[in-house]
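Enquirer: Dropping the structure in here first, questions after.
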Amino acid sequence: LVASAALALLAAALAPRAARALTADQVGVIDWHAQGIGEVAHVLLPAARRRHAYVAGASGALACIELKTGELAWRHVLDDGDEADALTWAGGALVSLSGGGKHLRAWAPEDGTLLWETLVYGGDEAAQDPRRTAVALLALRTDADRDGEPDLAVLSAGGVSVHSAVDGELVWASDAATKLAATDARPVAMYQPLVEGSGADALVVAALADVTSGAAGTLEALRYDVQLGDIERSASQRLPKEVATGAGLAVAGQGTALVGVSAAGDALVVATAEAAGKKIKAAQYPLAGIVDTNAPGSRVAAHALGEDAPAGAIGLRARGADGSVVSGAVLSVSAAAPPRVIHAVPAGAAATAAVIAPKSAAVLGAIVDASAADATRLTVFDFSDGSIVSTMDVDGRGGAAHGGAVLATLSVYTRKDGSAGYRCVLASEDHSLALMQQGVVAWEREEALASIVTAHFVELPVDESAGAVPVASSRSPDELWRMQVLNMKLSLRLATRAEYEELQVLRAADPSKTNPHRDPVGLRQLIVCLTAAGKVFGLHSGDGRALWSAYLGAGAAGDGALRAVLPWREGGEDGTEHELLALGAVPGGATTRAMWIRASDGAVLAEEVLPIAATRAIPLAGEAFEGSRGERPVLLVGASGELHLVGVTGGDAADPIAAADAREALASRASKVFYYESDEVSGEIRGYGLVPDAAAAVGVRRAPLWQLTLPPSERMEAVVERTADAVHTQVKVLGDRSALYKYLGPNTAAVFATAVRAQDDEDGAESGADASVGSAPVVPGLVVYILDTATGRVLYRTLHLGSSGPVQAAFYENWVVYHYWSEEAMRNEMSVLELFDDTRDRPSHIKEGIMRLLGAEVEAPTASSHSLPPLRVLAQTYYIPMSARAMAATSTAQGVTARQVLLGTGTDQVLALDRRLLDPRRPLKPTAASKEERLPPYSEMLPVDPRRMLTHKHTVAKLRLIEVAPTHLESTCLVFAVGLDRYLTRLAPSRSYDTISDSFNYLLLTVTVVGMVVATLVASKLAHRKDLARRWK
């Protein structure tokens, strides 16, 4: 280990001296950082903290939001798999239950300090047993341990436990799943009924039994003594109609009833327990007339309305196939009478939990209706009779831009004049979060930006007021003079701390950084981001603000939906606008929504619903396909291979219907269009091409070309395509003056799979493949395939023994770098493969080169995937002391600047590694040739320099994506890191050799030059006098 460390230090000493990621005076000037929460799953507005909202995100963020500004007061990001399941308020603190009911924590509401934490259960009980999946958190009305504060009840892993709200200590616990009569009974709900006349407090756990095919026919209940944890009695009742187990049971207000929906989705099942708890009464009522059950694919579920809800109050919600709310209702239920509708919930609306008005003590609720295109209506009603108390219309926020309401939380406060005021925190289908108060939107948070799935950079529009040449915004003369003075004092080490901080503020407030128009060197760009919520954003690279947004609809959200943003028309220096094509397909649907967006301002130029449920979008590049204005058609592929051409017929408008000329162009070049699909579950990669077919709607049909099936013992980890960016030269000149020729096949991809030992129960799955790999005995490890995606040919295969995923990889030019876990060495490792064309008798192109220098047009040599050259592959493996979440590499305009590999670390930061540290030719001992190439000697450990952390003091929570964009400066690129947070910075891998630094001290240079001129003149005069005096002597 000492020898390894010494070699690592030697390698670091001999490594090329790249510039630091950021210097102290660049922090906040060339970078920005924005925090997010993600899709909000829980919102809490406690009466004790009226100036704050407490939220929990579906991605694991737990945060406090200032209600006045919408800014984050504090935030904690929980680990993966530890997302919050419930929030409540107890003992003057915020209490969260997370990790599938495993972790119970209390947080200080002022600053988010963790007050206490307790492990509710250990092991994997919930994951291994389907009976133990329900999770619930309840703030009790009883102080079981007599510590002065009511306690907390937790239902998780099939058991129930009571904990102190003061320190989280366990009061008692019981494994309810084993106490139930039926062996298949699964606890699904927990509630504390109203205190009975005897004064005995109880805690009831309800369970569903006789479960078959997602439906349960029996309800069981266990009644616990809250003080001791003893089971007082149990009861069981056959339900009048089987209920759906997926939706579970909801607890009506004050624990007076349990409500479920029948498995057929046509009836409401209500069950109540007698006062003594010995018997259960159950009844069913038709849902027809209460909610809309006729919508295709609709699903109805009941939901509780909070601890303040009056007895019997419950909410119903019917969702369509795309997940949007189609109807709902707020009801009062019991097993003795049909449900009473307190208030209807229209499509696109949400009902809030009940709250108690401060003065009148009335129990109020609200319906937030966001179905209108550009307005939202807040209707406050009284639970007692359903009468409307207040109606508030909020203009400027509606379903067109944000979708329907998903989660709404109401708060009632007293105004200065003594009247009641209402504020509502609304979470919408586009994952945005907003506060509505006094008829306006007080603030809005676009939390969809915490789920960015793709991001690419386009040019900002030209400033027409400045003419054809883009200019940067200028500072005032006073600011410029003050900055120069402070810069000079700082350079001469005369500046005080206050002056240094003042200079940093002036640098960060550069108005040119936020100018919405392009700059001459390309540092200001538009980042087009597509999110998992189906929303497209245009972000300014200078400060990260959203310049525009467009919502594709609720159907484009989720993991199974196709979401894509493709360039439709490229802009130019002449002021031609960039245009984008945004596509969103509903999973399992029959259509795809297409929107043509102008990139400069987000204006929707056209919109169309295409008659295909697309699973893949293939841009058709080349002049043969382009329209008269440079539009680029797109070929859509459905799940069964059906095709639809989003083409152009010419003229000024984009025509989404494939026209005759576009079909002819596609048919004539069908053999040039091919693609592949990978299936990680089956371990198959299939290649497809197009063949002309006059009977097809688009003039071509899909035809299978090849198929690669991994052995049953290999589990596919990832498929990484070669990144198409600028390559400066195909030749790599070595230190000994020899040359290697890079293999730059554009249809190359790296396939990673983990090989595991064969199981005893081999199923002998037939591959049916055109190409078969891996018939030898199974050797556990990480398998890497280099694949040509045009022919399906495996170019190279290697095995890392005793290694496994997860894999993060980057494929650029002729090299692929990947990060993985070595189980054999118990450490993280990085390997590199470098591909070279090993053709022996290579033709000379000297004549062609001379002709090009003279300006003559020379036909470029062609290459084909059907006649691949022999390959020479160089490989090497290194140890790196950190895990990885994402990986990319720097990219510049011409590919001249040395590359750096960008590693998204497990600590949610971005590390820049010099590409030469990952060169497979690093020698064991330095030679003259390696020194000339500046190759450091080989060491198994990669040196990690903390100064190369691009994110410096920041972390990008849940980091998952790194995007890089070149600028017009060959030395500089933009790095955009995405997770729950967003971070952007500039990076100059070989220092800024083609531009002057923003902090360059012109005043000091001027003073120095003037001083030297004056000194020269004075010295010359003095020398002349001295010479004259000498001559007189």
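Chain identifiers are assigned as A, B, and so on, following the order in which chains appear in the structure tokens; residues are numbered from 1 within each chain, and ligands are numbered from 1 in order of appearance.
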Using only C-alpha atoms, determine which residues lie at most 8 Å from Trp89 in chain A, disregarding the query and same-chain residues fewer than 3 positions distant; provide the list as a ChimeraX atom specification.
Expert: /A:46,92-95,139
Enquirer: According to DSSP computed on the backbone, where in range 611-753 of chain A is there strand (DSSP E)? Give the residues as JSON, numbers by chain.
Expert: {"A": [614, 615, 616, 617, 618, 619, 634, 635, 636, 637, 638, 643, 644, 645, 646, 674, 675, 676, 677, 678, 679, 684, 685, 686, 687, 688, 689, 690, 691, 692, 700, 701, 702, 703, 704, 705, 706, 707, 708, 709, 714, 715, 716, 717, 718, 719, 720, 721, 731, 732, 733, 739, 740, 741, 742, 748, 749, 750, 751, 752, 753]}
Enquirer: Using DSSP assignments from the backbone, pull out every residue in range 291-413 of chain A that falls under alpha helix (DSSP H) and give it to me as a list of chain:residue names.
Expert: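 Checking each residue of range 291-413 of chain A, the alpha helix (DSSP H) ones are A:Gly399, A:Ala400, A:Ala401, A:His402.
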Enquirer: Take the residues from that selection and put them in a file with N, CA and C atoms, as a PDB file, in the first residue's frame.
Expert:
ATOM      1  N   GLY A 399     -54.287  24.702 -16.127  1.00  0.00           N
ATOM      2  CA  GLY A 399     -53.931  23.365 -16.550  1.00  0.00           C
ATOM      3  C   GLY A 399     -53.106  23.306 -17.807  1.00  0.00           C
ATOM      4  N   ALA A 400     -53.162  24.331 -18.667  1.00  0.00           N
ATOM      5  CA  ALA A 400     -52.395  24.282 -19.910  1.00  0.00           C
ATOM      6  C   ALA A 400     -50.900  24.261 -19.650  1.00  0.00           C
ATOM      7  N   ALA A 401     -50.451  25.049 -18.676  1.00  0.00           N
ATOM      8  CA  ALA A 401     -49.018  25.160 -18.396  1.00  0.00           C
ATOM      9  C   ALA A 401     -48.558  24.247 -17.278  1.00  0.00           C
ATOM     10  N   HIS A 402     -49.490  23.811 -16.414  1.00  0.00           N
ATOM     11  CA  HIS A 402     -49.077  23.052 -15.230  1.00  0.00           C
ATOM     12  C   HIS A 402     -49.839  21.746 -15.040  1.00  0.00           C
TER      13      HIS A 402
END
Enquirer: Can you list, as a PDB file with N, CA, C and O atoms, in the first residue's frame, every protein, DNA or RNA residue that comes within 8 Å of range 50-62 of chain A when you count only C-alpha atoms, leaving out same-chain residues fewer than 4 positions away?
Expert:
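Once everything was written out, this is around16.pdb:
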ATOM      1  N   ILE A  37     -36.290  20.079  -4.813  1.00  0.00           N
ATOM      2  CA  ILE A  37     -36.943  19.113  -3.931  1.00  0.00           C
ATOM      3  C   ILE A  37     -37.425  17.909  -4.725  1.00  0.00           C
ATOM      4  O   ILE A  37     -37.393  16.789  -4.272  1.00  0.00           O
ATOM      5  N   GLY A  38     -37.872  18.158  -5.939  1.00  0.00           N
ATOM      6  CA  GLY A  38     -38.447  17.099  -6.746  1.00  0.00           C
ATOM      7  C   GLY A  38     -39.949  17.046  -6.574  1.00  0.00           C
ATOM      8  O   GLY A  38     -40.571  17.913  -5.945  1.00  0.00           O
ATOM      9  N   GLU A  39     -40.546  16.039  -7.144  1.00  0.00           N
ATOM     10  CA  GLU A  39     -41.994  15.860  -7.038  1.00  0.00           C
ATOM     11  C   GLU A  39     -42.396  15.767  -5.575  1.00  0.00           C
ATOM     12  O   GLU A  39     -41.870  14.953  -4.820  1.00  0.00           O
ATOM     13  N   VAL A  40     -43.313  16.616  -5.168  1.00  0.00           N
ATOM     14  CA  VAL A  40     -43.712  16.689  -3.758  1.00  0.00           C
ATOM     15  C   VAL A  40     -44.760  15.626  -3.468  1.00  0.00           C
ATOM     16  O   VAL A  40     -45.787  15.537  -4.160  1.00  0.00           O
ATOM     17  N   ALA A  41     -44.506  14.818  -2.449  1.00  0.00           N
ATOM     18  CA  ALA A  41     -45.431  13.755  -2.060  1.00  0.00           C
ATOM     19  C   ALA A  41     -46.209  14.091  -0.803  1.00  0.00           C
ATOM     20  O   ALA A  41     -47.320  13.581  -0.604  1.00  0.00           O
ATOM     21  N   HIS A  42     -45.631  14.926   0.067  1.00  0.00           N
ATOM     22  CA  HIS A  42     -46.298  15.283   1.328  1.00  0.00           C
ATOM     23  C   HIS A  42     -46.073  16.762   1.606  1.00  0.00           C
ATOM     24  O   HIS A  42     -44.966  17.277   1.404  1.00  0.00           O
ATOM     25  N   VAL A  43     -47.116  17.436   2.072  1.00  0.00           N
ATOM     26  CA  VAL A  43     -47.035  18.844   2.472  1.00  0.00           C
ATOM     27  C   VAL A  43     -47.683  18.975   3.833  1.00  0.00           C
ATOM     28  O   VAL A  43     -48.777  18.453   4.085  1.00  0.00           O
ATOM     29  N   LEU A  44     -47.011  19.684   4.725  1.00  0.00           N
ATOM     30  CA  LEU A  44     -47.524  19.883   6.076  1.00  0.00           C
ATOM     31  C   LEU A  44     -47.471  21.372   6.401  1.00  0.00           C
ATOM     32  O   LEU A  44     -46.424  22.008   6.263  1.00  0.00           O
ATOM     33  N   LEU A  45     -48.630  21.924   6.801  1.00  0.00           N
ATOM     34  CA  LEU A  45     -48.723  23.326   7.224  1.00  0.00           C
ATOM     35  C   LEU A  45     -49.199  23.362   8.673  1.00  0.00           C
ATOM     36  O   LEU A  45     -50.374  23.578   8.951  1.00  0.00           O
ATOM     37  N   PRO A  46     -48.298  23.143   9.621  1.00  0.00           N
ATOM     38  CA  PRO A  46     -48.721  23.092  11.029  1.00  0.00           C
ATOM     39  C   PRO A  46     -49.166  24.458  11.527  1.00  0.00           C
ATOM     40  O   PRO A  46     -48.616  25.496  11.141  1.00  0.00           O
ATOM     41  N   GLU A  66     -39.945  28.776   3.102  1.00  0.00           N
ATOM     42  CA  GLU A  66     -40.463  30.047   3.606  1.00  0.00           C
ATOM     43  C   GLU A  66     -41.730  30.408   2.831  1.00  0.00           C
ATOM     44  O   GLU A  66     -41.692  30.558   1.607  1.00  0.00           O
ATOM     45  N   LEU A  67     -42.851  30.530   3.530  1.00  0.00           N
ATOM     46  CA  LEU A  67     -44.103  30.828   2.846  1.00  0.00           C
ATOM     47  C   LEU A  67     -44.114  32.223   2.232  1.00  0.00           C
ATOM     48  O   LEU A  67     -44.849  32.475   1.277  1.00  0.00           O
ATOM     49  N   LYS A  68     -43.292  33.111   2.713  1.00  0.00           N
ATOM     50  CA  LYS A  68     -43.285  34.467   2.188  1.00  0.00           C
ATOM     51  C   LYS A  68     -42.601  34.536   0.829  1.00  0.00           C
ATOM     52  O   LYS A  68     -43.039  35.279  -0.064  1.00  0.00           O
ATOM     53  N   ARG A  75     -32.901  22.059   4.077  1.00  0.00           N
ATOM     54  CA  ARG A  75     -33.215  20.856   3.309  1.00  0.00           C
ATOM     55  C   ARG A  75     -32.297  19.725   3.714  1.00  0.00           C
ATOM     56  O   ARG A  75     -31.108  19.936   3.969  1.00  0.00           O
ATOM     57  N   HIS A  76     -32.863  18.527   3.785  1.00  0.00           N
ATOM     58  CA  HIS A  76     -32.086  17.309   3.965  1.00  0.00           C
ATOM     59  C   HIS A  76     -32.434  16.358   2.828  1.00  0.00           C
ATOM     60  O   HIS A  76     -33.596  16.253   2.442  1.00  0.00           O
ATOM     61  N   VAL A  77     -31.429  15.682   2.298  1.00  0.00           N
ATOM     62  CA  VAL A  77     -31.651  14.697   1.246  1.00  0.00           C
ATOM     63  C   VAL A  77     -31.346  13.323   1.824  1.00  0.00           C
ATOM     64  O   VAL A  77     -30.200  13.037   2.203  1.00  0.00           O
ATOM     65  N   LEU A  78     -32.364  12.500   1.913  1.00  0.00           N
ATOM     66  CA  LEU A  78     -32.213  11.163   2.468  1.00  0.00           C
ATOM     67  C   LEU A  78     -31.588  10.238   1.431  1.00  0.00           C
ATOM     68  O   LEU A  78     -31.603  10.511   0.229  1.00  0.00           O
ATOM     69  N   ASP A  79     -31.032   9.141   1.903  1.00  0.00           N
ATOM     70  CA  ASP A  79     -30.346   8.198   1.021  1.00  0.00           C
ATOM     71  C   ASP A  79     -31.328   7.537   0.058  1.00  0.00           C
ATOM     72  O   ASP A  79     -32.544   7.532   0.272  1.00  0.00           O
ATOM     73  N   ASP A  80     -30.787   6.966  -0.991  1.00  0.00           N
ATOM     74  CA  ASP A  80     -31.612   6.209  -1.933  1.00  0.00           C
ATOM     75  C   ASP A  80     -32.306   5.062  -1.195  1.00  0.00           C
ATOM     76  O   ASP A  80     -31.693   4.342  -0.408  1.00  0.00           O
ATOM     77  N   GLY A  81     -33.593   4.889  -1.457  1.00  0.00           N
ATOM     78  CA  GLY A  81     -34.374   3.875  -0.769  1.00  0.00           C
ATOM     79  C   GLY A  81     -34.900   4.303   0.579  1.00  0.00           C
ATOM     80  O   GLY A  81     -35.581   3.518   1.251  1.00  0.00           O
ATOM     81  N   ASP A  82     -34.596   5.541   0.988  1.00  0.00           N
ATOM     82  CA  ASP A  82     -35.035   6.036   2.296  1.00  0.00           C
ATOM     83  C   ASP A  82     -36.002   7.205   2.129  1.00  0.00           C
ATOM     84  O   ASP A  82     -36.039   8.117   2.946  1.00  0.00           O
ATOM     85  N   GLU A  83     -36.793   7.204   1.043  1.00  0.00           N
ATOM     86  CA  GLU A  83     -37.725   8.289   0.786  1.00  0.00           C
ATOM     87  C   GLU A  83     -38.813   8.328   1.864  1.00  0.00           C
ATOM     88  O   GLU A  83     -39.195   7.301   2.420  1.00  0.00           O
ATOM     89  N   ALA A  84     -39.321   9.523   2.128  1.00  0.00           N
ATOM     90  CA  ALA A  84     -40.308   9.715   3.185  1.00  0.00           C
ATOM     91  C   ALA A  84     -41.624   9.049   2.816  1.00  0.00           C
ATOM     92  O   ALA A  84     -42.136   9.204   1.703  1.00  0.00           O
ATOM     93  N   LEU A  87     -45.415  12.252   6.920  1.00  0.00           N
ATOM     94  CA  LEU A  87     -45.011  13.362   7.777  1.00  0.00           C
ATOM     95  C   LEU A  87     -46.118  13.656   8.768  1.00  0.00           C
ATOM     96  O   LEU A  87     -47.299  13.528   8.448  1.00  0.00           O
ATOM     97  N   LEU A 980     -31.143  16.188  -8.181  1.00  0.00           N
ATOM     98  CA  LEU A 980     -32.171  17.028  -7.566  1.00  0.00           C
ATOM     99  C   LEU A 980     -31.787  18.495  -7.731  1.00  0.00           C
ATOM    100  O   LEU A 980     -32.653  19.360  -7.868  1.00  0.00           O
TER     101      LEU A 980
END
